[in-house]
Each structure stands twice: as structure tokens, then as C-alpha cells.
file model-v7.cif (mmCIF, C-alpha atoms)
data_upload
#
loop_
_atom_site.label_atom_id
_atom_site.label_comp_id
_atom_site.auth_asym_id
_atom_site.auth_seq_id
_atom_site.Cartn_x
_atom_site.Cartn_y
_atom_site.Cartn_z
CA MET R 187 72.84 0.14 -3.67
CA SER R 188 69.26 -0.46 -4.69
CA GLY R 189 67.13 0.41 -7.68
CA GLY R 190 65.68 3.82 -8.41
CA ASP R 191 66.21 6.82 -10.65
CA LYS R 192 69.32 8.01 -8.77
CA LEU R 193 72.25 5.64 -8.35
CA GLU R 194 75.53 6.19 -6.55
CA PHE R 195 78.51 5.26 -8.72
CA GLU R 196 81.54 3.53 -7.27
CA ILE R 197 84.73 4.70 -8.97
CA ARG R 198 87.41 2.06 -9.57
CA ARG R 199 90.15 3.71 -11.61
CA ASN R 200 92.09 1.67 -14.13
CA PRO R 201 95.39 0.76 -12.42
CA ALA R 202 97.19 0.63 -15.79
CA PRO R 203 95.77 3.39 -18.04
CA VAL R 204 97.21 4.13 -21.46
CA SER R 205 100.12 6.55 -21.13
CA ALA R 206 99.69 10.17 -22.23
CA ALA R 207 102.20 9.67 -25.06
CA ASP R 208 100.50 6.51 -26.35
CA ARG R 209 97.07 8.14 -26.06
CA ALA R 210 98.24 11.14 -28.09
CA ALA R 211 99.55 8.82 -30.80
CA LEU R 212 96.24 6.95 -30.96
CA LEU R 213 94.26 10.20 -31.22
CA VAL R 214 96.14 11.32 -34.33
CA ASP R 215 94.03 9.00 -36.48
CA PRO R 216 91.59 6.99 -34.35
CA GLY R 217 89.32 5.96 -37.22
CA PHE R 218 85.84 4.93 -36.10
CA GLY R 219 85.24 2.29 -33.44
CA ARG R 220 88.79 0.91 -33.34
CA VAL R 221 90.27 2.70 -30.31
CA PHE R 222 88.70 2.70 -26.82
CA THR R 223 89.17 4.64 -23.60
CA ASP R 224 90.51 3.34 -20.30
CA HIS R 225 87.20 2.91 -18.48
CA MET R 226 83.62 1.71 -18.81
CA VAL R 227 80.43 1.92 -16.77
CA THR R 228 78.47 -1.11 -15.58
CA ILE R 229 75.10 -1.25 -13.80
CA ARG R 230 73.32 -4.47 -12.89
CA TYR R 231 69.65 -5.31 -12.70
CA ALA R 232 67.85 -8.14 -10.90
CA GLU R 233 64.11 -8.57 -10.75
CA ASP R 234 64.12 -8.64 -6.96
CA LYS R 235 66.56 -5.71 -6.55
CA GLY R 236 66.00 -3.29 -9.39
CA TRP R 237 69.05 -1.41 -10.68
CA TYR R 238 72.11 -1.70 -8.46
CA ASP R 239 75.93 -1.90 -8.29
CA ALA R 240 76.70 1.11 -10.51
CA ARG R 241 80.42 1.37 -11.24
CA VAL R 242 82.99 3.21 -13.31
CA GLU R 243 85.77 0.68 -13.73
CA ALA R 244 88.64 -0.37 -15.99
CA ARG R 245 87.49 -1.36 -19.46
CA ALA R 246 87.81 -5.15 -19.59
CA PRO R 247 86.19 -8.26 -21.08
CA ILE R 248 82.78 -9.15 -19.67
CA PRO R 249 82.62 -12.62 -18.08
CA MET R 250 79.70 -14.49 -19.61
CA ASP R 251 78.18 -17.89 -19.05
CA PRO R 252 77.44 -19.82 -22.27
CA ALA R 253 73.81 -20.06 -21.15
CA SER R 254 73.44 -16.27 -20.80
CA ALA R 255 70.01 -15.46 -22.19
CA VAL R 256 71.23 -12.82 -24.67
CA LEU R 257 73.22 -15.44 -26.57
CA HIS R 258 70.09 -17.46 -27.25
CA TYR R 259 67.16 -15.03 -27.36
CA ALA R 260 68.85 -11.75 -28.36
CA GLN R 261 67.45 -9.42 -25.70
CA GLU R 262 69.84 -6.55 -26.40
CA ILE R 263 69.54 -2.83 -27.10
CA PHE R 264 72.02 0.00 -27.59
CA GLU R 265 72.42 3.72 -28.24
CA GLY R 266 75.02 5.94 -29.85
CA LEU R 267 75.90 9.58 -29.18
CA LYS R 268 78.92 11.85 -29.16
CA ALA R 269 80.75 14.12 -26.72
CA TYR R 270 82.54 17.14 -28.18
CA ARG R 271 85.45 19.23 -26.93
CA THR R 272 84.63 22.94 -26.97
CA ALA R 273 86.96 25.85 -27.74
CA ASP R 274 87.18 26.79 -24.05
CA GLY R 275 88.17 23.25 -23.04
CA GLY R 276 84.72 22.15 -21.94
CA VAL R 277 82.74 19.11 -23.07
CA THR R 278 79.23 19.00 -24.52
CA LEU R 279 76.67 16.38 -25.53
CA PHE R 280 74.00 16.83 -28.20
CA ARG R 281 70.45 15.95 -27.07
CA PRO R 282 71.44 13.13 -24.68
CA GLU R 283 67.97 13.25 -23.09
CA ALA R 284 66.54 12.05 -26.42
CA ASN R 285 68.92 9.07 -26.38
CA ALA R 286 67.90 8.31 -22.79
CA ASP R 287 64.21 8.35 -23.77
CA ARG R 288 64.78 6.16 -26.83
CA PHE R 289 66.74 3.70 -24.68
CA VAL R 290 63.61 3.36 -22.53
CA THR R 291 61.39 2.83 -25.59
CA SER R 292 63.73 0.20 -27.02
CA ALA R 293 63.85 -1.63 -23.68
CA GLU R 294 60.07 -1.73 -23.45
CA ARG R 295 59.78 -3.17 -26.98
CA LEU R 296 62.31 -5.92 -26.15
CA ALA R 297 60.54 -6.72 -22.82
CA MET R 298 63.49 -5.40 -20.82
CA PRO R 299 63.45 -3.24 -17.67
CA PRO R 300 63.94 0.44 -18.64
CA LEU R 301 67.00 2.13 -17.22
CA PRO R 302 65.81 5.41 -15.64
CA PRO R 303 66.88 8.35 -17.84
CA GLU R 304 68.61 10.03 -14.90
CA ALA R 305 70.82 6.96 -14.39
CA PHE R 306 71.52 6.85 -18.15
CA LEU R 307 72.62 10.50 -18.18
CA ASP R 308 74.65 10.10 -14.98
CA SER R 309 76.55 7.21 -16.54
CA LEU R 310 77.54 9.41 -19.50
CA HIS R 311 78.74 12.19 -17.23
CA ARG R 312 80.76 9.85 -15.04
CA LEU R 313 82.59 8.21 -17.92
CA ILE R 314 83.28 11.49 -19.71
CA GLU R 315 84.61 13.01 -16.51
CA ILE R 316 87.16 10.24 -15.95
CA ASP R 317 88.13 9.76 -19.63
CA ARG R 318 87.89 13.37 -20.90
CA GLU R 319 91.51 13.35 -22.12
CA TRP R 320 90.45 10.81 -24.75
CA ILE R 321 88.26 13.35 -26.57
CA PRO R 322 90.00 14.33 -29.84
CA SER R 323 90.42 18.04 -30.49
CA GLY R 324 90.42 17.95 -34.31
CA GLU R 325 87.63 19.35 -36.48
CA ASP R 326 86.07 15.93 -37.12
CA GLY R 327 86.99 14.42 -33.75
CA SER R 328 84.60 13.42 -30.98
CA LEU R 329 84.14 10.80 -28.28
CA TYR R 330 81.60 8.24 -29.46
CA LEU R 331 79.59 6.87 -26.54
CA ARG R 332 78.02 3.43 -26.81
CA PRO R 333 75.55 2.52 -24.04
CA PHE R 334 74.10 -0.97 -24.33
CA MET R 335 72.14 -3.45 -22.25
CA PHE R 336 71.63 -7.18 -22.52
CA ALA R 337 69.99 -10.12 -20.77
CA SER R 338 72.62 -11.65 -18.49
CA GLU R 339 70.51 -14.25 -16.67
CA VAL R 340 71.88 -17.79 -16.99
CA PHE R 341 68.77 -19.52 -18.23
CA LEU R 342 67.44 -21.39 -21.26
CA GLY R 343 63.80 -20.64 -21.84
CA VAL R 344 61.73 -18.33 -24.01
CA ARG R 345 60.67 -15.59 -21.60
CA PRO R 346 62.02 -12.16 -20.61
CA ALA R 347 65.18 -12.53 -18.56
CA ARG R 348 65.22 -11.57 -14.89
CA GLU R 349 68.77 -10.20 -14.84
CA TYR R 350 70.43 -7.60 -17.08
CA LEU R 351 73.72 -5.77 -17.45
CA TYR R 352 74.00 -2.17 -18.65
CA VAL R 353 77.41 -1.18 -20.02
CA LEU R 354 78.78 2.09 -21.37
CA ILE R 355 81.99 2.20 -23.38
CA ALA R 356 83.59 5.06 -25.29
CA ALA R 357 85.72 5.39 -28.42
CA PRO R 358 87.56 8.45 -29.71
CA VAL R 359 86.59 8.80 -33.37
CA GLY R 360 87.29 10.82 -36.48
CA ALA R 361 85.12 11.13 -39.57
CA TYR R 362 82.74 8.20 -40.14
CA PHE R 363 83.49 8.04 -43.86
CA ALA R 364 87.16 8.17 -44.85
CA GLY R 365 88.01 11.09 -47.10
CA GLY R 366 85.49 13.51 -45.60
CA VAL R 367 81.99 14.40 -46.76
CA LYS R 368 81.28 13.21 -50.28
CA PRO R 369 78.24 11.70 -52.00
CA VAL R 370 77.81 7.98 -51.47
CA LYS R 371 76.43 5.35 -53.79
CA VAL R 372 73.47 3.35 -52.49
CA TRP R 373 72.03 -0.02 -53.49
CA ILE R 374 68.27 -0.68 -53.53
CA SER R 375 67.86 -4.15 -52.06
CA PRO R 376 65.51 -6.25 -54.20
CA ASP R 377 65.25 -9.21 -51.84
CA TYR R 378 65.92 -8.11 -48.25
CA THR R 379 63.78 -5.99 -45.97
CA ARG R 380 64.80 -4.39 -42.69
CA ALA R 381 61.61 -4.53 -40.61
CA ALA R 382 57.91 -5.32 -40.87
CA PRO R 383 54.89 -3.67 -39.24
CA GLY R 384 54.61 -4.87 -35.67
CA GLY R 385 58.29 -5.83 -35.55
CA THR R 386 61.26 -4.17 -33.89
CA GLY R 387 62.08 -1.59 -36.57
CA ALA R 388 61.49 1.35 -34.24
CA ALA R 389 63.74 -0.12 -31.51
CA LYS R 390 67.51 0.27 -31.54
CA CYS R 391 68.40 -3.38 -31.09
CA GLY R 392 71.26 -5.39 -32.49
CA GLY R 393 68.99 -7.82 -34.33
CA ASN R 394 67.87 -5.08 -36.74
CA TYR R 395 71.45 -4.44 -37.73
CA ALA R 396 72.33 -8.13 -37.97
CA ALA R 397 69.42 -8.54 -40.39
CA SER R 398 70.84 -5.74 -42.56
CA LEU R 399 74.33 -7.19 -43.00
CA ALA R 400 73.61 -9.55 -45.89
CA ALA R 401 72.00 -6.69 -47.79
CA GLN R 402 74.92 -4.41 -46.93
CA ALA R 403 77.34 -7.01 -48.28
CA GLU R 404 75.24 -7.15 -51.45
CA ALA R 405 75.51 -3.37 -51.73
CA ILE R 406 79.29 -3.51 -51.48
CA GLU R 407 79.39 -6.22 -54.17
CA HIS R 408 77.61 -3.76 -56.45
CA GLY R 409 80.07 -0.95 -55.71
CA CYS R 410 77.89 0.89 -53.21
CA GLU R 411 78.65 2.13 -49.70
CA GLN R 412 75.15 1.74 -48.28
CA VAL R 413 71.95 -0.26 -48.78
CA VAL R 414 68.44 1.20 -48.97
CA PHE R 415 65.54 -0.93 -47.75
CA LEU R 416 62.02 -0.83 -49.18
CA ASP R 417 58.93 -1.58 -47.11
CA ALA R 418 58.29 -5.21 -46.21
CA VAL R 419 54.63 -5.27 -47.31
CA GLU R 420 54.50 -3.84 -50.84
CA ARG R 421 58.25 -3.60 -51.60
CA ARG R 422 57.54 -0.16 -53.08
CA PHE R 423 58.21 2.49 -50.48
CA VAL R 424 61.54 3.66 -49.08
CA ASP R 425 62.06 2.84 -45.41
CA GLU R 426 65.63 3.75 -44.47
CA LEU R 427 69.26 2.90 -45.07
CA GLY R 428 71.07 0.17 -43.17
CA GLY R 429 71.73 2.52 -40.27
CA MET R 430 70.46 5.98 -41.27
CA ASN R 431 67.26 7.85 -42.06
CA VAL R 432 66.79 9.30 -45.56
CA PHE R 433 65.57 12.71 -46.83
CA PHE R 434 64.54 14.00 -50.29
CA VAL R 435 64.90 17.64 -51.37
CA TYR R 436 62.69 18.88 -54.23
CA ASP R 437 62.96 21.87 -56.57
CA ASP R 438 60.10 23.73 -54.86
CA GLY R 439 61.90 23.76 -51.50
CA THR R 440 60.04 20.77 -50.09
CA LEU R 441 61.90 18.39 -47.79
CA VAL R 442 60.37 14.91 -47.52
CA THR R 443 61.20 11.94 -45.29
CA PRO R 444 59.33 8.65 -44.80
CA PRO R 445 56.92 8.71 -41.83
CA LEU R 446 57.49 6.86 -38.58
CA THR R 447 55.08 3.97 -38.85
CA GLY R 448 56.88 1.51 -36.58
CA THR R 449 59.31 0.11 -39.15
CA ILE R 450 61.75 3.04 -39.11
CA LEU R 451 64.05 4.07 -36.27
CA PRO R 452 63.02 7.48 -34.90
CA GLY R 453 66.42 9.08 -35.39
CA ILE R 454 67.45 11.98 -33.17
CA THR R 455 69.38 13.54 -36.05
CA ARG R 456 66.26 13.03 -38.21
CA GLU R 457 64.11 14.93 -35.73
CA SER R 458 66.70 17.70 -35.49
CA VAL R 459 66.82 18.05 -39.30
CA LEU R 460 63.03 18.38 -39.45
CA THR R 461 63.15 21.22 -36.91
CA LEU R 462 66.04 23.08 -38.55
CA ALA R 463 64.55 22.72 -42.04
CA THR R 464 61.21 24.13 -40.91
CA GLU R 465 62.96 27.10 -39.31
CA ALA R 466 64.91 27.65 -42.55
CA GLY R 467 61.63 28.08 -44.42
CA LEU R 468 61.51 24.72 -46.17
CA THR R 469 58.20 22.94 -46.53
CA VAL R 470 58.62 19.75 -44.48
CA GLN R 471 56.60 16.63 -45.15
CA GLU R 472 56.61 13.18 -43.57
CA ARG R 473 55.03 10.97 -46.23
CA PRO R 474 55.75 7.75 -48.13
CA VAL R 475 58.15 7.97 -51.06
CA SER R 476 58.06 5.13 -53.57
CA PHE R 477 61.20 3.98 -55.31
CA ALA R 478 59.44 4.50 -58.66
CA ASP R 479 58.81 8.15 -57.78
CA TRP R 480 62.40 8.55 -56.57
CA GLN R 481 63.66 7.35 -59.94
CA ALA R 482 61.17 9.40 -61.99
CA ASP R 483 61.70 12.60 -60.02
CA ALA R 484 65.48 12.27 -60.31
CA ALA R 485 65.14 11.85 -64.09
CA SER R 486 62.86 14.88 -64.47
CA GLY R 487 65.03 17.11 -62.31
CA ARG R 488 62.26 17.69 -59.81
CA LEU R 489 64.30 15.87 -57.15
CA ARG R 490 67.42 17.94 -56.50
CA GLU R 491 69.12 16.32 -53.50
CA VAL R 492 68.94 13.20 -51.33
CA PHE R 493 70.79 12.66 -48.07
CA ALA R 494 71.02 10.22 -45.19
CA CYS R 495 71.46 11.21 -41.56
CA GLY R 496 72.42 9.63 -38.26
CA THR R 497 74.62 10.15 -35.22
CA ALA R 498 77.79 8.60 -36.64
CA ALA R 499 77.93 10.40 -40.00
CA VAL R 500 75.63 13.39 -39.16
CA ILE R 501 74.49 14.08 -42.75
CA THR R 502 75.78 12.25 -45.81
CA PRO R 503 74.76 13.22 -49.36
CA ILE R 504 73.54 10.47 -51.70
CA GLY R 505 74.70 11.01 -55.25
CA HIS R 506 74.20 7.72 -57.06
CA VAL R 507 71.54 4.99 -56.88
CA ARG R 508 71.94 1.45 -58.18
CA PHE R 509 69.36 -1.32 -58.43
CA PRO R 510 69.15 -4.65 -60.28
CA ASP R 511 67.80 -3.09 -63.50
CA GLY R 512 70.01 -0.03 -63.70
CA GLU R 513 71.24 3.11 -61.97
CA PHE R 514 70.71 6.87 -61.87
CA VAL R 515 72.32 10.02 -60.50
CA ILE R 516 70.82 12.58 -58.12
CA GLY R 517 71.25 16.06 -59.60
CA ALA R 518 74.86 16.38 -60.69
CA GLY R 519 75.96 13.72 -58.22
CA GLU R 520 77.51 16.41 -56.02
CA PRO R 521 76.58 17.57 -52.50
CA GLY R 522 73.62 19.95 -52.65
CA ARG R 523 73.17 23.36 -51.03
CA VAL R 524 70.34 22.28 -48.72
CA THR R 525 72.14 19.09 -47.68
CA MET R 526 75.40 20.81 -46.83
CA GLY R 527 73.68 23.79 -45.22
CA LEU R 528 71.74 21.57 -42.83
CA ARG R 529 74.87 19.54 -42.13
CA GLN R 530 76.86 22.63 -41.22
CA GLN R 531 74.07 23.86 -38.95
CA LEU R 532 74.06 20.56 -37.10
CA VAL R 533 77.84 20.36 -36.81
CA ASP R 534 78.02 23.93 -35.48
CA LEU R 535 75.28 23.22 -32.95
CA GLN R 536 76.86 19.99 -31.78
CA ARG R 537 80.24 21.65 -31.26
CA GLY R 538 78.85 24.70 -29.49
CA LEU R 539 79.77 27.04 -32.37
CA ALA R 540 76.24 28.36 -32.92
CA ALA R 541 73.36 29.68 -30.86
CA ASP R 542 71.23 26.93 -29.31
CA PRO R 543 67.65 28.21 -29.02
CA HIS R 544 66.29 24.69 -28.51
CA GLY R 545 68.50 23.79 -25.54
CA TRP R 546 69.82 20.76 -27.43
CA VAL R 547 73.42 21.08 -26.26
CA ARG R 548 74.16 19.84 -22.75
CA ARG R 549 77.33 21.09 -21.08
CA VAL R 550 78.95 18.21 -19.20
CA LEU R 551 82.28 19.69 -18.10
#
call {"tool": "encode", "arguments": {"input": "model-v7.cif", "output": "C-alpha cells"}}
result
Amino acid sequence: MSGGDKLEFEIRRNPAPVSAADRAALLVDPGFGRVFTDHMVTIRYAEDKGWYDARVEARAPIPMDPASAVLHYAQEIFEGLKAYRTADGGVTLFRPEANADRFVTSAERLAMPPLPPEAFLDSLHRLIEIDREWIPSGEDGSLYLRPFMFASEVFLGVRPAREYLYVLIAAPVGAYFAGGVKPVKVWISPDYTRAAPGGTGAAKCGGNYAASLAAQAEAIEHGCEQVVFLDAVERRFVDELGGMNVFFVYDDGTLVTPPLTGTILPGITRESVLTLATEAGLTVQERPVSFADWQADAASGRLREVFACGTAAVITPIGHVRFPDGEFVIGAGEPGRVTMGLRQQLVDLQRGLAADPHGWVRRVL
């Protein structure tokens, strides 16, 4: 097999898959990211070969040399998306082409060879096809797909690696937040920032998330579920949460989210929300929102709702904000009408329960 947009996948079935009875027991309450399917996809890259050796094989540990470049220079990117079981027994994906395109953009920012979108999408289809019985059928259940790629060349030196490994694994999941949809408390980080102009904020790479963990731990210490980062230059404007984009809903029907200036991940759920909100008649704006304005507008009542969005949690209302000098509540601290309406629209679209005029839902099986 040689490089190119179309790769032939070799199928090597797991000789010892989880039994149907054990799988059913695991799917009763899989949590999030704790249970994994029987198989994974691997594709290799070498500078002199291109992409090659595409396989669906038994999920297993990845052999790694201690001098593998990723361990020293952090060339690594990933994606996250979900497969859903439909009422007629089929399987759908929500906007996987957007994930494929963002995977290319992230690779280019990290000086990595882009995986052709067709190969990315084929890998999803192949794994879903062989592990479809792992997709939960409950209302909150889905199969979370985690494609990732890292520098696998055995080499110590600061330059882009010449060899890479693409891997796709899958995990049956339930609701991201235990207890269902309820407003979360967020902590405004006074000391940490997520990304700076010219950095990797717009790429989905592990280093961005590693840099957020100290701030997330600080949030938990202050009784909050999530951290909110301010901009790295002025420390005034809201960027995003640790792993989600943020939206503000005002009393005049305006929906505002921070603009994509290179420090914020261009979320696929974010883009979908902007489209659905516009179609619902809301005035949509992408503009900076300062923390001072957030606090003042919440106090005056002008700001009615705030929510975060992303693939894992879809849409999560924000009800309470804490910061070193105090705290405040958004509205009554309860989920708002706009927030929950947009969430339901997205959930219905993702699960094939609503009309899809945008062609966002891709039928896999």
C-alpha cells in the first residue's frame, strides 16, 4: 500500500473479542472514556512512502521506543466525534467532514503531514462497521470516536518528524456530565492563559489541554466544574473554557461568542450553533466579550443566559461564575430557554430525529 487519498484497509479481527453478555453489561453504564471497543485503526506514514499500511486490528497497546519524537517534542493532534444509533438500527455521524478538515488544519500547524480527508472518513466507517454492536442505544448513549496522530520517528532533534502513526479508537459513552444537563459553575482563571496570538490555540493538539490542567485543578479547588480563560495579551477578554467554546445570550435576542482570532479552537458545535441561532431569528455576533462586561451585564439583567458547547457535552448551561474577588449568578442560575432550545435542536439533528436541511448528518450504516 502506498500513500494517496484512497487507502485499502486490511481487516484483522480481534481473536478474543468481549463476549456479548459482558459487552451488554458494560453498556448499561459506560460513563465517558472508560470503556473501549474491540478494535482500532492504524495507518502509518513515512516521508519516502506517504500514507501506507492501513489496518483495522485488535485494540492493543502501541509499542513505542523511548526516543519516539512525540515524547520529546509533542507533535500530536487529535479529534473527537460521535456515532449514533438510529431508530431503524442504522448508524449516523454528525458533520464528520468538518472533523476531517480540522484534522488537516491541526496537522499543518504542528508541521505534520495531513491525513487526506477521504482516508480519515474511511477509517471512521471501517471501525464503526466492525464495532457497531458497541454503540449504546440509550437516550444519552453514543460511540465516541477518537482519531489521533503522533510523531513516531525514533529521533532526538528539534525538527518535524519523518514518520507518524495515525490511530482511531472508540469508546461507548453516556452523558458527559453525571446527573444530566444542569448548570455548571465556572472559575475565571486569574493567572493562567490557554493560548497566545501566533500559538497553537486554533489547533486541536494535546499540548493545549495539558496547559489547561493546572487551571482546571484550580477551578475544582474553588468548587467549580470548569475553568474559563481570558486572553493572553490584556487578560480582559473571554477566550474559551478548558475544552469548550462559550456563548452569551442577551435580553434583546442577541447571541454573542468570541471571534476566532487564532487563540480559540474553531469548534464544530460552535459553528453549528451559529447557524441554528441565525435560522431561529436571533441576532448573532462574533465579537470580544470582556469579563468586566460579563459581570456587569449579569448584574443588570441584560445578560440572560450563558452556555458552553463542544462535541462531548453538546451544550452545557453556565449558571454560576466565581473569580478571586467574588462570584455572581447568571439569570436565576437555571438553564435558559435559548440554551435548552438550541441543545435540543442539536441533539435531535445528531440522532436523526429532525429534518437535516444542511446535510450535516452522514449515514454510515
call {"tool": "resolve_selection", "arguments": {"input": "model-v7.cif", "expression": "the PyMOL selection byres ((chain R and resi 339) around 12)", "output": "compact mmCIF listing (two decimals) with C-alpha atoms, in the frame of the given file"}}
result
# COMPACT_ATOMS: atom_id res chain seq x y z
CA ARG R 230 73.32 -4.47 -12.89
CA TYR R 231 69.65 -5.31 -12.70
CA ALA R 232 67.85 -8.14 -10.90
CA GLU R 233 64.11 -8.57 -10.75
CA MET R 250 79.70 -14.49 -19.61
CA ASP R 251 78.18 -17.89 -19.05
CA PRO R 252 77.44 -19.82 -22.27
CA ALA R 253 73.81 -20.06 -21.15
CA SER R 254 73.44 -16.27 -20.80
CA ALA R 255 70.01 -15.46 -22.19
CA VAL R 256 71.23 -12.82 -24.67
CA LEU R 257 73.22 -15.44 -26.57
CA HIS R 258 70.09 -17.46 -27.25
CA TYR R 259 67.16 -15.03 -27.36
CA GLN R 261 67.45 -9.42 -25.70
CA PHE R 336 71.63 -7.18 -22.52
CA ALA R 337 69.99 -10.12 -20.77
CA SER R 338 72.62 -11.65 -18.49
CA VAL R 340 71.88 -17.79 -16.99
CA PHE R 341 68.77 -19.52 -18.23
CA LEU R 342 67.44 -21.39 -21.26
CA GLY R 343 63.80 -20.64 -21.84
CA ARG R 345 60.67 -15.59 -21.60
CA PRO R 346 62.02 -12.16 -20.61
CA ALA R 347 65.18 -12.53 -18.56
CA ARG R 348 65.22 -11.57 -14.89
CA GLU R 349 68.77 -10.20 -14.84
CA TYR R 350 70.43 -7.60 -17.08
CA LEU R 351 73.72 -5.77 -17.45
call {"tool": "closest_atom_pairs", "arguments": {"input": "model-v7.cif", "of": "stretch 197-298 of chain R", "to": "stretch 458-474 of chain R", "cutoff": "12 Å", "atoms": "only C-alpha atoms", "output": "Markdown table"}}
result
| residue | atom | partner | partner_atom | distance |
| --- | --- | --- | --- | --- |
| R:Phe280 | CA | R:Ser458 | CA | 10.4 |
| R:Arg281 | CA | R:Ser458 | CA | 9.4 |
| R:Ala284 | CA | R:Ser458 | CA | 10.7 |
call {"tool": "residues_around", "arguments": {"input": "model-v7.cif", "residues": "stretch 372-389 of chain R", "least_positions_apart": "5", "cutoff": "10 Å", "atoms": "only C-alpha atoms", "output": "VMD selection string"}}
result
chain R and resid 263 to 264 288 to 296 394 to 402 404 to 419 421 424 to 428 446 to 453 477 504 to 510 513
call {"tool": "atom_distance", "arguments": {"input": "model-v7.cif", "atom1": "atom CA of R:Ser476", "atom2": "atom CA of R:Leu441"}}
result
15.0 Å
call {"tool": "residues_around", "arguments": {"input": "model-v7.cif", "residues": "R:Glu243", "least_positions_apart": "3", "cutoff": "10 Å", "atoms": "all atoms listed in the file", "output": "ChimeraX atom specification"}}
result
/R:195-201,224-228,240,246,313,316
call {"tool": "atom_distance", "arguments": {"input": "model-v7.cif", "atom1": "atom CA of R:Arg271", "atom2": "atom CA of R:Leu307"}}
result
17.8 Å
call {"tool": "closest_atom_pairs", "arguments": {"input": "model-v7.cif", "of": "stretch 347-367 of chain R", "to": "stretch 320-330 of chain R", "cutoff": "7 Å", "atoms": "all atoms listed in the file", "output": "Markdown table"}}
result
| residue | atom | partner | partner_atom | distance |
| --- | --- | --- | --- | --- |
| R:Ala356 | CA | R:Tyr330 | CA | 5.6 |
| R:Ala357 | CA | R:Tyr330 | CA | 5.1 |
| R:Pro358 | CA | R:Leu329 | CA | 4.4 |
| R:Val359 | CA | R:Ser328 | CA | 5.6 |
| R:Gly360 | CA | R:Gly327 | CA | 4.5 |
| R:Ala361 | CA | R:Asp326 | CA | 5.5 |
call {"tool": "write_last_selection", "arguments": {"input": "model-v7.cif", "atoms": "C-alpha atoms", "output": "short mmCIF file (atom, residue, chain, number, x, y, z; two decimals), in the coordinates of the input"}}
result
data_model
loop_
_atom_site.label_atom_id
_atom_site.label_comp_id
_atom_site.auth_asym_id
_atom_site.auth_seq_id
_atom_site.Cartn_x
_atom_site.Cartn_y
_atom_site.Cartn_z
CA ALA R 356 83.59 5.06 -25.29
CA ALA R 357 85.72 5.39 -28.42
CA PRO R 358 87.56 8.45 -29.71
CA VAL R 359 86.59 8.80 -33.37
CA GLY R 360 87.29 10.82 -36.48
CA ALA R 361 85.12 11.13 -39.57
#
call {"tool": "atom_distance", "arguments": {"input": "model-v7.cif", "atom1": "atom CA of R:Leu539", "atom2": "atom CA of R:Pro333"}}
result
26.2 Å
call {"tool": "resolve_selection", "arguments": {"input": "model-v7.cif", "expression": "the PyMOL selection byres ((chain R and resi 522) around 10)", "output": "list in words"}}
result
Pro369, Val435, Arg490, Glu491, Val492, Phe493, Pro503, Ile504, Gly505, Ile516, Gly517, Ala518, Gly519, Glu520, Pro521, Arg523, Val524, Thr525, Met526 and Gly527 of chain R
call {"tool": "closest_residue", "arguments": {"input": "model-v7.cif", "among": "R:Leu193, R:Ala499, R:Ile229, R:Ala202", "to": "R:Glu304", "atoms": "all atoms listed in the file"}}
result
R:Leu193
call {"tool": "residues_around", "arguments": {"input": "model-v7.cif", "residues": "R:Val204", "least_positions_apart": "3", "cutoff": "9 Å", "atoms": "only C-alpha atoms", "output": "CSV table (one decimal) with C-alpha atoms, keeping the file's coordinate frame"}}
result
chain,number,residue,atom,x,y,z
R,207,ALA,CA,102.2,9.7,-25.1
R,208,ASP,CA,100.5,6.5,-26.4
R,209,ARG,CA,97.1,8.1,-26.1
R,223,THR,CA,89.2,4.6,-23.6
R,224,ASP,CA,90.5,3.3,-20.3
call {"tool": "closest_residue", "arguments": {"input": "model-v7.cif", "among": "R:Ile454, R:Ala403, R:Ile501, R:Val367", "to": "R:Asn285", "atoms": "only C-alpha atoms"}}
result
R:Ile454
call {"tool": "closest_residue", "arguments": {"input": "model-v7.cif", "among": "R:Phe218, R:Phe306, R:Phe334, R:Tyr238", "to": "R:Glu265", "atoms": "all atoms listed in the file"}}
result
R:Phe334
call {"tool": "closest_residue", "arguments": {"input": "model-v7.cif", "among": "R:Lys268, R:Arg549, R:Arg422, R:Arg318", "to": "R:Thr497", "atoms": "only C-alpha atoms"}}
result
R:Lys268
call {"tool": "resolve_selection", "arguments": {"input": "model-v7.cif", "expression": "the PyMOL selection byres ((chain R and resi 534) around 12)", "output": "ChimeraX atom specification"}}
result
/R:270,272-273,280,325-326,500,527-533,535-542,546-547
